[in-house]
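Below: one structure, written as structure tokens.
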Amino acid sequence: MRPARRWAAAVLAAVTVLSGCAGQEPDPTVTVFAAASLRESFTTLGEEFEDRHPGTEVEFSFGGSDTLAAGITGGAPADVFASADEATMARVTRAGGTSGEPEVFARNRLQIVTLPGNPHRVRSLGDLDRPELKVVLCDSSVPCGAASRAVLRTARVRLSPVSYEQDVKSALTKVRLKEADAALVYATDVRAAGDTVTGVEFPEADTALNSYPIAVLDDAPQPERAGEFVAFVRSAEGRRVLRAAGFLEPAPGAP
Amino acid sequence: MRGGGPGSAVGPARSAARVPSALLVPAAAGLVFLLLPLAALLVRAPWAELPGQLGSPQVWQALRLSLLSATTATALCLVLGVPLAWVLARTDFPGRRLVRALVTVPLVLPPVVGGVALLLALGRDGLVGRLLDDWFGVTLPFTTAGVVVAEAFVAMPFLVISVEGTLRAADPRFEEAAATLGASRFTAFRRVTLPLIAPGVAAGAVLAWARALGEFGATITFAGSFPGRTQTMPLAVYLALQNDPAAAVALSLVLLAVSVAVLGAMRDRWTAGVGA
Amino acid sequence: MTAGGGSVTAGLDARLVVRRGDFLLDVALTAAPGEVVALLGPNGAGKTTALRALAGLVALDEGHLRLDGAELAPLPAERRPVGVVFQDHLLFPHLSALDNVAFGPRCQGMPRRAARAEAGRWLERVGLAAHADARPRRLSGGQAQRVALARALAIRPRLLLLDEPLAALDARTRLETRAALRRHLDDFEAVTVLVTHDPLDAMVLADRLVVVEDGRVVQTGPPDLVARRPRTDYVARLVGLNLYRGAASGHLVRVDGAEATVTVTDELTGEVFVAFPPSAVTLHRERPVGTSARNVWRCRVAGIETHGDRIRADLTGELPMGAGLTAVAAAELRLAPGVEVWAAVKAEQTHAYPAG
């Protein structure tokens with residue numbers, strides 16, 4: 001029955017999107033739009049949330065934060081939005097899309113990702129400047145690119161990358177396929193790639209931490225359950241799962 | 001052309017009136033469907049920002065790279081694709097139908113997957129790419145040559161299918177006549193077949209060029225994105241879309257204008273060539 | 001494989017065996033230099049396949065193909081000294097008449113300028129020097145066929161193949177082109193093989209006919225002999241004779257598969273053919289008496305065709321045949337399908353010859 005119900009829910013969601021109106025009928029599904037980097041941890045959290053709230057289902061739509069934000073401001077019937085950066089969330093908030101103040105629930109820091117076993121013995125950002133190394137960075141128009149630019153400025157390192165990738169996953173892919181020797185990606189991406197790559201921490205990463213805000217949306221069809229889900233993500237259990245995926249705790253004293 | 005009773009004046013107005021509405025209505029709907037997004041692009045274009053966008057050297061850099069790589073990729077498609085089409089159309093070997101089906105694979109493959117496949121084959125650590133690196137010190141990813149390879153991979157099926165269709169429609173007996181005059185199969189191909197199918201080759205080349213010019217997925221996956229080296233117009237448009245949609249629309253318009261101009265000019269020239 | 005075939009014989013000596021599914025072509029052909037041989041036969045008989053095999057466009061499954069003593073069978077078309085004139089000329093549409101003719105010499109390695117000069121001379125020979133720069137689609141059917149002939153001759157072939165060279169032309173052009181072709185073939189010193197289904201083309205152009213039916217040679221000989229002594233219904237129809245096979249005993253031939261005998265002037269025994277032309281038949285409403293005709297059969301009119309002022313009646317009955325008579329005679333006899341008639345033929349108008 002479960003797959004059939006999920007399917008029906010998807011159709012319903014599609015219909016409401018098409019008709020452009022958020023339905024009022026009792027719908028036990030919480031729809032969460034979440035940044036792609038949250039896929040592993042949020043999938044785990046969703047299942048745990050469903051176990052704790054029998055009868056409730058959590059539907060995820062993972063994607064680039066920009067794309068998701070565009071969907072939300074365009075009227076997609078989502079309950080919760082979890083963005084990979086504050087700027088994108090701010091755009092939704094400015095458009096009146098969130099109900100209440102977004103809260104940072106996790107942070108991500110950059111790592112140098114290298115070929116498995118780090119054969120070129122990369123230890124610092126400065127090492128990336130070696131001419132024999134092919135380095136890829138995210139394009140500065142996407143969050144990981146902006147962060148990369150910031151840490152390189154801090155470290156006063158000027159790189160000549162071979163490519164500016166359109167997102168963090170494709171930067172990682174270039175290293176996984178051994179096309180590039182190193183890239184700057186998030187610690188969570190390195191963790192998710194397992195032993196196909198090796199991550200190298202560097203101190204300047206702390207100067208450009210990426211904050212992940214989460215918020216219940218103004219037009220949420222299930223505002224109550226949505227609030228409960230947000231609380232669950234910020235709970236001790238939620239933090240444990242996020243930490244396991246490589247995320248950092250939100251800054252102490254953050255709201 | 002045909003039809004029309006005796007004495008019926010054949011004029012444009014009359015032939016238009018003769019189009020059955022069962023065809024006219026969907027045809028008009030189809031045209032609107034194709035042109036509406038284009039119209040939206042034009043209506044919503046940030047015309048005020050356009051001069052500023054066009055003044056930026058990055059735009060011209062990306063445009064230059066796009067035209068250069070698409071044209072080179074088309075040349076590569078011609079050099080490899082026309083002979084391939086000839087073999088498929090004119091020879092018989094076991095598994096020919098399978099080969100023909102395989103040729104069209106890049107058409108159905110999502111371009112990003114095509115890019116990954118190219119990396120696995122021609123990348124630094126790829127099946128063949130590894131040998132290229134070891135023997136010649138050549139690596140294709142992150143180079144303009146890589147862009148050409150990615151574009152040619154995606155565009156070549158259009159050329160092969162188009163040329164093969166033309167070859168099948170062409171009378172193979174001209175090649176036989178050439179053979180009886182002492183022409184080897186290659187000479188017959190070069191001096192007889194190729195001139196006969198030139199319009200089909202041109203049509204295929206135009207299709208391939210247009211496809212190469214718009215190529216995004218395979219290019220960014222295989223060749224990456226670096227301004228002036230591998231960042232073609234579609235890549236620039238995509239990246240601009242991330243935080244400056246207005247700039248993206250402006251870039252799109254430039255690409256659109258250039259491609260329409262080039263395709264229009266080629267079409268005129270090519271139909272004129274056929275008529276002469 | 002010929003044992004001890006040491007002497008080099010000029011001309012063509014071929015046995016062509018080609019299998020195409022159920023169809024088997026097995027044709028032997030010989031021709032001396034200067035000779036024009038016509039392959040004559042109905043559609044689907046295998047004439048064109050034989051021609052393509054000679055040209056190298058179809059591979060032999062068996063047999064041999066020797067030209068002036070050299071074995072051609074293993075050679076591809078482009079290396080055979082064979083010129084072909086195709087039925088619909090197949091001039092290259094993107095080349096001028098001159099460049100079409102120069103194509104062969106160019107392929108044989110002649111420099112461009114020399115090849116074009118050579119082509120110009122050939123066009124002059126076929127009377128088309130004025131059209132050297134014309135594209136094929138600007139030429140009339142007859143002109144195109146003459147350019148095609150010039151193109152085939154320009155490679156100086158040792159074997160010239162003509163595939164229905166006049167079939168695509170209208171009647172008037174055909175007459176002129178046939179006469180011109182005859183002149184060119186007279187000048188041509190090597191072997192010519194002509195494929196046609198038109199007996200007139202064959203009779204006018206060929207020195208010898210090879211009649212092919214269903215992949216086999218059924219008759220061969222000089223045109224006049226074949227015309228006088230057909231050996232199959234197809235040939236008999238082509239040359240317009242009534243033909244019967246039967247057993248002869250003295251002057252009497254018992255026709256196979258019919259309740260009739262034919263009295264002939266020739267004296268023969270055994271299997272024979274008997275032929276007589278439709279014009280030799282006279283028709284009567286009553287059984288003729290006191291006529292010198294020795295052969296009288298009871299027949300029924302199956303159909304009537306008019307050819308100008310001549311009427312041709314198809315008869316069934318004791319001996320099926322075609323009868324030719326004038327329109328006046330037909331009217332007097334009130335001939336109509338289904339009418340019963342007596343058909344009479346004088347013995348001296350029949351021609352009997354051994355079938356063996």
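Going by the structure tokens order, chains are called A, B, ..., each with residues numbered from 1, while ligands are numbered from 1 in the order shown.
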
Self-check item: All alpha helix (DSSP H) residues (DSSP, backbone) inside range 215-345 of chain C, as a PyMOL selection string
Solution: chain C and resi 223-228+233-239+327-332

Exercise. Residues of chain C no more than 10 Å from chain B, counting only C-alpha atoms: send them over as a ChimeraX atom specification.
Key: /C:52,55-57,76-86,89-95,100-109,151-155,157

Residue hits in chain A, query chain B, radius 10 Å, only C-alpha atoms, as an mmCIF file with all heavy atoms, in the first residue's frame:
data_model
loop_
_atom_site.group_PDB
_atom_site.id
_atom_site.type_symbol
_atom_site.label_atom_id
_atom_site.label_comp_id
_atom_site.auth_asym_id
_atom_site.auth_seq_id
_atom_site.Cartn_x
_atom_site.Cartn_y
_atom_site.Cartn_z
ATOM 1 N N GLY A 64 19.175 22.056 -5.932
ATOM 2 C CA GLY A 64 19.955 23.252 -5.669
ATOM 3 C C GLY A 64 19.100 24.251 -4.900
ATOM 4 O O GLY A 64 17.910 24.401 -5.188
ATOM 5 N N SER A 65 19.685 24.904 -3.911
ATOM 6 C CA SER A 65 18.914 25.838 -3.088
ATOM 7 C C SER A 65 18.212 26.888 -3.930
ATOM 8 O O SER A 65 17.067 27.250 -3.683
ATOM 9 C CB SER A 65 19.835 26.515 -2.068
ATOM 10 O OG SER A 65 20.406 25.538 -1.235
ATOM 11 N N ASP A 66 18.905 27.376 -4.974
ATOM 12 C CA ASP A 66 18.317 28.408 -5.834
ATOM 13 C C ASP A 66 17.054 27.919 -6.523
ATOM 14 O O ASP A 66 16.043 28.597 -6.567
ATOM 15 C CB ASP A 66 19.322 28.809 -6.920
ATOM 16 C CG ASP A 66 20.471 29.570 -6.337
ATOM 17 O OD1 ASP A 66 20.308 30.763 -6.088
ATOM 18 O OD2 ASP A 66 21.525 28.934 -6.131
ATOM 19 N N THR A 67 17.165 26.705 -7.050
ATOM 20 C CA THR A 67 16.031 26.138 -7.777
ATOM 21 C C THR A 67 14.842 25.973 -6.844
ATOM 22 O O THR A 67 13.700 26.297 -7.188
ATOM 23 C CB THR A 67 16.439 24.774 -8.343
ATOM 24 O OG1 THR A 67 17.737 24.891 -8.905
ATOM 25 C CG2 THR A 67 15.463 24.299 -9.374
ATOM 26 N N THR A 88 20.184 32.625 0.125
ATOM 27 C CA THR A 88 19.034 32.071 -0.598
ATOM 28 C C THR A 88 17.788 32.109 0.275
ATOM 29 O O THR A 88 16.697 32.467 -0.175
ATOM 30 C CB THR A 88 19.338 30.630 -1.041
ATOM 31 O OG1 THR A 88 20.570 30.618 -1.729
ATOM 32 C CG2 THR A 88 18.235 30.098 -1.927
ATOM 33 N N LYS A 134 46.023 19.513 -10.964
ATOM 34 C CA LYS A 134 44.820 20.053 -11.606
ATOM 35 C C LYS A 134 43.776 20.251 -10.516
ATOM 36 O O LYS A 134 43.362 19.297 -9.870
ATOM 37 C CB LYS A 134 44.295 19.086 -12.659
ATOM 38 C CG LYS A 134 45.133 19.083 -13.913
ATOM 39 C CD LYS A 134 44.480 18.301 -15.018
ATOM 40 C CE LYS A 134 45.311 18.469 -16.287
ATOM 41 N NZ LYS A 134 44.844 17.598 -17.364
ATOM 42 N N VAL A 136 40.021 21.921 -9.359
ATOM 43 C CA VAL A 136 38.754 22.526 -9.787
ATOM 44 C C VAL A 136 38.110 23.212 -8.591
ATOM 45 O O VAL A 136 38.233 22.756 -7.447
ATOM 46 C CB VAL A 136 37.773 21.501 -10.407
ATOM 47 C CG1 VAL A 136 38.354 20.892 -11.662
ATOM 48 C CG2 VAL A 136 37.380 20.438 -9.417
ATOM 49 N N LEU A 137 37.443 24.327 -8.881
ATOM 50 C CA LEU A 137 36.715 25.073 -7.854
ATOM 51 C C LEU A 137 35.267 25.199 -8.303
ATOM 52 O O LEU A 137 34.950 25.044 -9.484
ATOM 53 C CB LEU A 137 37.308 26.476 -7.691
ATOM 54 C CG LEU A 137 38.767 26.567 -7.243
ATOM 55 C CD1 LEU A 137 39.198 28.031 -7.197
ATOM 56 C CD2 LEU A 137 38.956 25.920 -5.867
ATOM 57 N N CYS A 138 34.380 25.495 -7.313
ATOM 58 C CA CYS A 138 33.018 25.833 -7.693
ATOM 59 C C CYS A 138 33.025 27.242 -8.283
ATOM 60 O O CYS A 138 33.837 28.081 -7.897
ATOM 61 C CB CYS A 138 32.098 25.820 -6.476
ATOM 62 S SG CYS A 138 31.816 24.171 -5.817
ATOM 63 N N ASP A 139 32.109 27.466 -9.210
ATOM 64 C CA ASP A 139 31.967 28.803 -9.768
ATOM 65 C C ASP A 139 31.511 29.762 -8.665
ATOM 66 O O ASP A 139 30.733 29.389 -7.785
ATOM 67 C CB ASP A 139 30.946 28.787 -10.902
ATOM 68 C CG ASP A 139 30.977 30.081 -11.684
ATOM 69 O OD1 ASP A 139 31.853 30.211 -12.559
ATOM 70 O OD2 ASP A 139 30.126 30.951 -11.409
ATOM 71 N N SER A 140 31.998 31.001 -8.726
ATOM 72 C CA SER A 140 31.710 31.924 -7.627
ATOM 73 C C SER A 140 30.236 32.294 -7.553
ATOM 74 O O SER A 140 29.785 32.902 -6.592
ATOM 75 C CB SER A 140 32.563 33.189 -7.764
ATOM 76 O OG SER A 140 32.285 33.786 -9.003
ATOM 77 N N SER A 141 29.448 31.895 -8.566
ATOM 78 C CA SER A 141 28.026 32.211 -8.516
ATOM 79 C C SER A 141 27.261 31.227 -7.638
ATOM 80 O O SER A 141 26.098 31.454 -7.336
ATOM 81 C CB SER A 141 27.445 32.213 -9.935
ATOM 82 O OG SER A 141 27.537 30.920 -10.490
ATOM 83 N N VAL A 142 27.885 30.128 -7.246
ATOM 84 C CA VAL A 142 27.195 29.177 -6.362
ATOM 85 C C VAL A 142 27.861 29.214 -4.983
ATOM 86 O O VAL A 142 29.029 29.605 -4.861
ATOM 87 C CB VAL A 142 27.199 27.744 -6.948
ATOM 88 C CG1 VAL A 142 26.393 27.711 -8.239
ATOM 89 C CG2 VAL A 142 28.596 27.237 -7.204
ATOM 90 N N PRO A 143 27.135 28.819 -3.921
ATOM 91 C CA PRO A 143 27.630 29.025 -2.543
ATOM 92 C C PRO A 143 29.021 28.456 -2.282
ATOM 93 O O PRO A 143 29.865 29.139 -1.688
ATOM 94 C CB PRO A 143 26.579 28.310 -1.698
ATOM 95 C CG PRO A 143 25.325 28.379 -2.496
ATOM 96 C CD PRO A 143 25.759 28.302 -3.931
ATOM 97 N N PRO A 161 42.844 27.352 -11.349
ATOM 98 C CA PRO A 161 42.081 26.109 -11.492
ATOM 99 C C PRO A 161 41.882 25.788 -12.971
ATOM 100 O O PRO A 161 41.989 26.658 -13.831
ATOM 101 C CB PRO A 161 40.740 26.433 -10.827
ATOM 102 C CG PRO A 161 40.612 27.898 -10.942
ATOM 103 C CD PRO A 161 41.996 28.463 -10.902
ATOM 104 N N VAL A 162 41.610 24.523 -13.244
ATOM 105 C CA VAL A 162 41.333 24.158 -14.635
ATOM 106 C C VAL A 162 39.857 24.361 -14.957
ATOM 107 O O VAL A 162 39.469 24.381 -16.117
ATOM 108 C CB VAL A 162 41.735 22.696 -14.936
ATOM 109 C CG1 VAL A 162 43.242 22.559 -14.934
ATOM 110 C CG2 VAL A 162 41.089 21.722 -13.976
ATOM 111 N N SER A 163 39.017 24.475 -13.928
ATOM 112 C CA SER A 163 37.592 24.620 -14.213
ATOM 113 C C SER A 163 36.865 25.216 -13.022
ATOM 114 O O SER A 163 37.254 24.987 -11.870
ATOM 115 C CB SER A 163 36.991 23.247 -14.540
ATOM 116 O OG SER A 163 35.605 23.359 -14.775
ATOM 117 N N TYR A 164 35.823 25.998 -13.322
ATOM 118 C CA TYR A 164 34.905 26.470 -12.293
ATOM 119 C C TYR A 164 33.590 25.707 -12.462
ATOM 120 O O TYR A 164 32.838 25.975 -13.410
ATOM 121 C CB TYR A 164 34.666 27.972 -12.426
ATOM 122 C CG TYR A 164 35.895 28.811 -12.137
ATOM 123 C CD1 TYR A 164 36.588 29.441 -13.151
ATOM 124 C CD2 TYR A 164 36.345 28.966 -10.823
ATOM 125 C CE1 TYR A 164 37.714 30.206 -12.888
ATOM 126 C CE2 TYR A 164 37.474 29.740 -10.551
ATOM 127 C CZ TYR A 164 38.156 30.356 -11.589
ATOM 128 O OH TYR A 164 39.262 31.110 -11.321
ATOM 129 N N GLU A 165 33.335 24.778 -11.571
ATOM 130 C CA GLU A 165 32.189 23.890 -11.758
ATOM 131 C C GLU A 165 30.886 24.558 -11.331
ATOM 132 O O GLU A 165 30.870 25.477 -10.508
ATOM 133 C CB GLU A 165 32.407 22.605 -10.954
ATOM 134 C CG GLU A 165 33.600 21.814 -11.429
ATOM 135 C CD GLU A 165 33.387 21.228 -12.819
ATOM 136 O OE1 GLU A 165 32.284 20.699 -13.083
ATOM 137 O OE2 GLU A 165 34.316 21.310 -13.647
ATOM 138 N N GLN A 166 29.789 24.026 -11.891
ATOM 139 C CA GLN A 166 28.496 24.684 -11.654
ATOM 140 C C GLN A 166 27.892 24.299 -10.312
ATOM 141 O O GLN A 166 26.957 24.919 -9.859
ATOM 142 C CB GLN A 166 27.521 24.415 -12.794
ATOM 143 C CG GLN A 166 26.746 23.114 -12.736
ATOM 144 C CD GLN A 166 27.488 21.939 -13.359
ATOM 145 O OE1 GLN A 166 28.720 21.937 -13.418
ATOM 146 N NE2 GLN A 166 26.754 20.939 -13.791
ATOM 147 N N ASP A 167 28.355 23.214 -9.703
ATOM 148 C CA ASP A 167 27.917 22.927 -8.340
ATOM 149 C C ASP A 167 28.940 22.046 -7.646
ATOM 150 O O ASP A 167 29.876 21.528 -8.274
ATOM 151 C CB ASP A 167 26.502 22.329 -8.293
ATOM 152 C CG ASP A 167 26.421 21.031 -9.065
ATOM 153 O OD1 ASP A 167 27.376 20.240 -8.993
ATOM 154 O OD2 ASP A 167 25.405 20.825 -9.757
ATOM 155 N N SER A 170 29.522 18.356 -8.867
ATOM 156 C CA SER A 170 30.300 18.106 -10.079
ATOM 157 C C SER A 170 31.766 18.384 -9.828
ATOM 158 O O SER A 170 32.629 17.755 -10.444
ATOM 159 C CB SER A 170 29.746 18.889 -11.274
ATOM 160 O OG SER A 170 29.908 20.255 -11.066
ATOM 161 N N ALA A 171 32.092 19.292 -8.895
ATOM 162 C CA ALA A 171 33.492 19.482 -8.511
ATOM 163 C C ALA A 171 34.028 18.196 -7.883
ATOM 164 O O ALA A 171 35.127 17.728 -8.203
ATOM 165 C CB ALA A 171 33.609 20.643 -7.534
ATOM 166 N N THR A 173 32.830 15.181 -8.346
ATOM 167 C CA THR A 173 32.859 14.130 -9.367
ATOM 168 C C THR A 173 34.162 14.157 -10.158
ATOM 169 O O THR A 173 34.730 13.115 -10.481
ATOM 170 C CB THR A 173 31.665 14.290 -10.325
ATOM 171 O OG1 THR A 173 30.474 14.214 -9.559
ATOM 172 C CG2 THR A 173 31.652 13.213 -11.394
ATOM 173 N N LYS A 174 34.662 15.358 -10.443
ATOM 174 C CA LYS A 174 35.898 15.461 -11.219
ATOM 175 C C LYS A 174 37.057 14.790 -10.486
ATOM 176 O O LYS A 174 37.935 14.198 -11.103
ATOM 177 C CB LYS A 174 36.232 16.933 -11.481
ATOM 178 C CG LYS A 174 35.222 17.648 -12.399
ATOM 179 C CD LYS A 174 35.311 17.151 -13.825
ATOM 180 C CE LYS A 174 34.535 18.025 -14.788
ATOM 181 N NZ LYS A 174 33.091 17.953 -14.653
ATOM 182 N N LEU A 177 36.455 10.885 -10.408
ATOM 183 C CA LEU A 177 36.804 10.254 -11.688
ATOM 184 C C LEU A 177 38.278 10.472 -12.029
ATOM 185 O O LEU A 177 38.712 10.149 -13.127
ATOM 186 C CB LEU A 177 35.923 10.811 -12.805
ATOM 187 C CG LEU A 177 34.450 10.409 -12.727
ATOM 188 C CD1 LEU A 177 33.640 11.129 -13.785
ATOM 189 C CD2 LEU A 177 34.299 8.899 -12.887
ATOM 190 N N LYS A 178 39.028 11.072 -11.075
ATOM 191 C CA LYS A 178 40.474 11.274 -11.226
ATOM 192 C C LYS A 178 40.823 12.230 -12.363
ATOM 193 O O LYS A 178 41.931 12.200 -12.904
ATOM 194 C CB LYS A 178 41.201 9.941 -11.440
ATOM 195 C CG LYS A 178 41.007 8.964 -10.281
ATOM 196 C CD LYS A 178 41.894 7.740 -10.459
ATOM 197 C CE LYS A 178 41.996 6.884 -9.205
ATOM 198 N NZ LYS A 178 40.711 6.460 -8.635
ATOM 199 N N GLU A 179 39.853 13.048 -12.803
ATOM 200 C CA GLU A 179 40.169 14.036 -13.813
ATOM 201 C C GLU A 179 40.918 15.199 -13.190
ATOM 202 O O GLU A 179 41.771 15.818 -13.815
ATOM 203 C CB GLU A 179 38.897 14.568 -14.472
ATOM 204 C CG GLU A 179 38.222 13.598 -15.393
ATOM 205 C CD GLU A 179 39.179 12.957 -16.379
ATOM 206 O OE1 GLU A 179 40.160 13.607 -16.781
ATOM 207 O OE2 GLU A 179 38.951 11.779 -16.715
ATOM 208 N N ALA A 180 40.546 15.519 -11.958
ATOM 209 C CA ALA A 180 41.237 16.581 -11.240
ATOM 210 C C ALA A 180 41.939 15.944 -10.044
ATOM 211 O O ALA A 180 41.530 14.898 -9.555
ATOM 212 C CB ALA A 180 40.247 17.640 -10.783
#

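Nearest residue to Ala344 in chain C, choosing from C:Ile311, C:Ala236, C:Val289, C:Ile304 and counting only C-alpha atoms: C:Val289.
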
Quiz item: Which residues, written as a PyMOL selection string, have at least one atom at most 9 Å from Asn118 in chain A, with only C-alpha atoms counted and residues fewer than 6 positions away on the same chain left out?
Solution: chain A and resi 181+197-200

Prev. selection, C-alpha atoms, output as a PDB file, in the first residue's frame:
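Listed below is the output, result.pdb:
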ATOM      1  CA  ASP A 181      43.751  16.081  -8.462  1.00  0.00           C
ATOM      2  CA  VAL A 197      38.441  10.328  -2.107  1.00  0.00           C
ATOM      3  CA  THR A 198      40.432  11.662   0.812  1.00  0.00           C
ATOM      4  CA  GLY A 199      39.585  14.901   2.647  1.00  0.00           C
ATOM      5  CA  VAL A 200      42.150  17.326   3.980  1.00  0.00           C
TER       6      VAL A 200
END

Practice problem: Check range 74-249 of chain C with DSSP on the backbone and list each residue it calls strand (DSSP E), as a PyMOL selection string. | Solution: chain C and resi 82-85+159-163+191-196+208-213+216-221+242-249

Self-check item: Ala246 in chain B environment, 9 Å, only C-alpha atoms, sequence neighbours closer than 6 positions dropped, as a PyMOL selection string
Solution: chain B and resi 44-46+49+240

Quiz prompt | Shell of 6 Å around Gly221 in chain C, only C-alpha atoms, local chain residues under 5 positions omitted, as a ChimeraX atom specification | solution = /C:208-209,226

Exercise. Please provide as an MDAnalysis selection string all residues within 10 Å of Thr326 in chain C, with the sequence filter that same-chain residues fewer than 6 positions apart are discarded (counting only C-alpha atoms).
Key: chainID C and resid 279 306:312 332
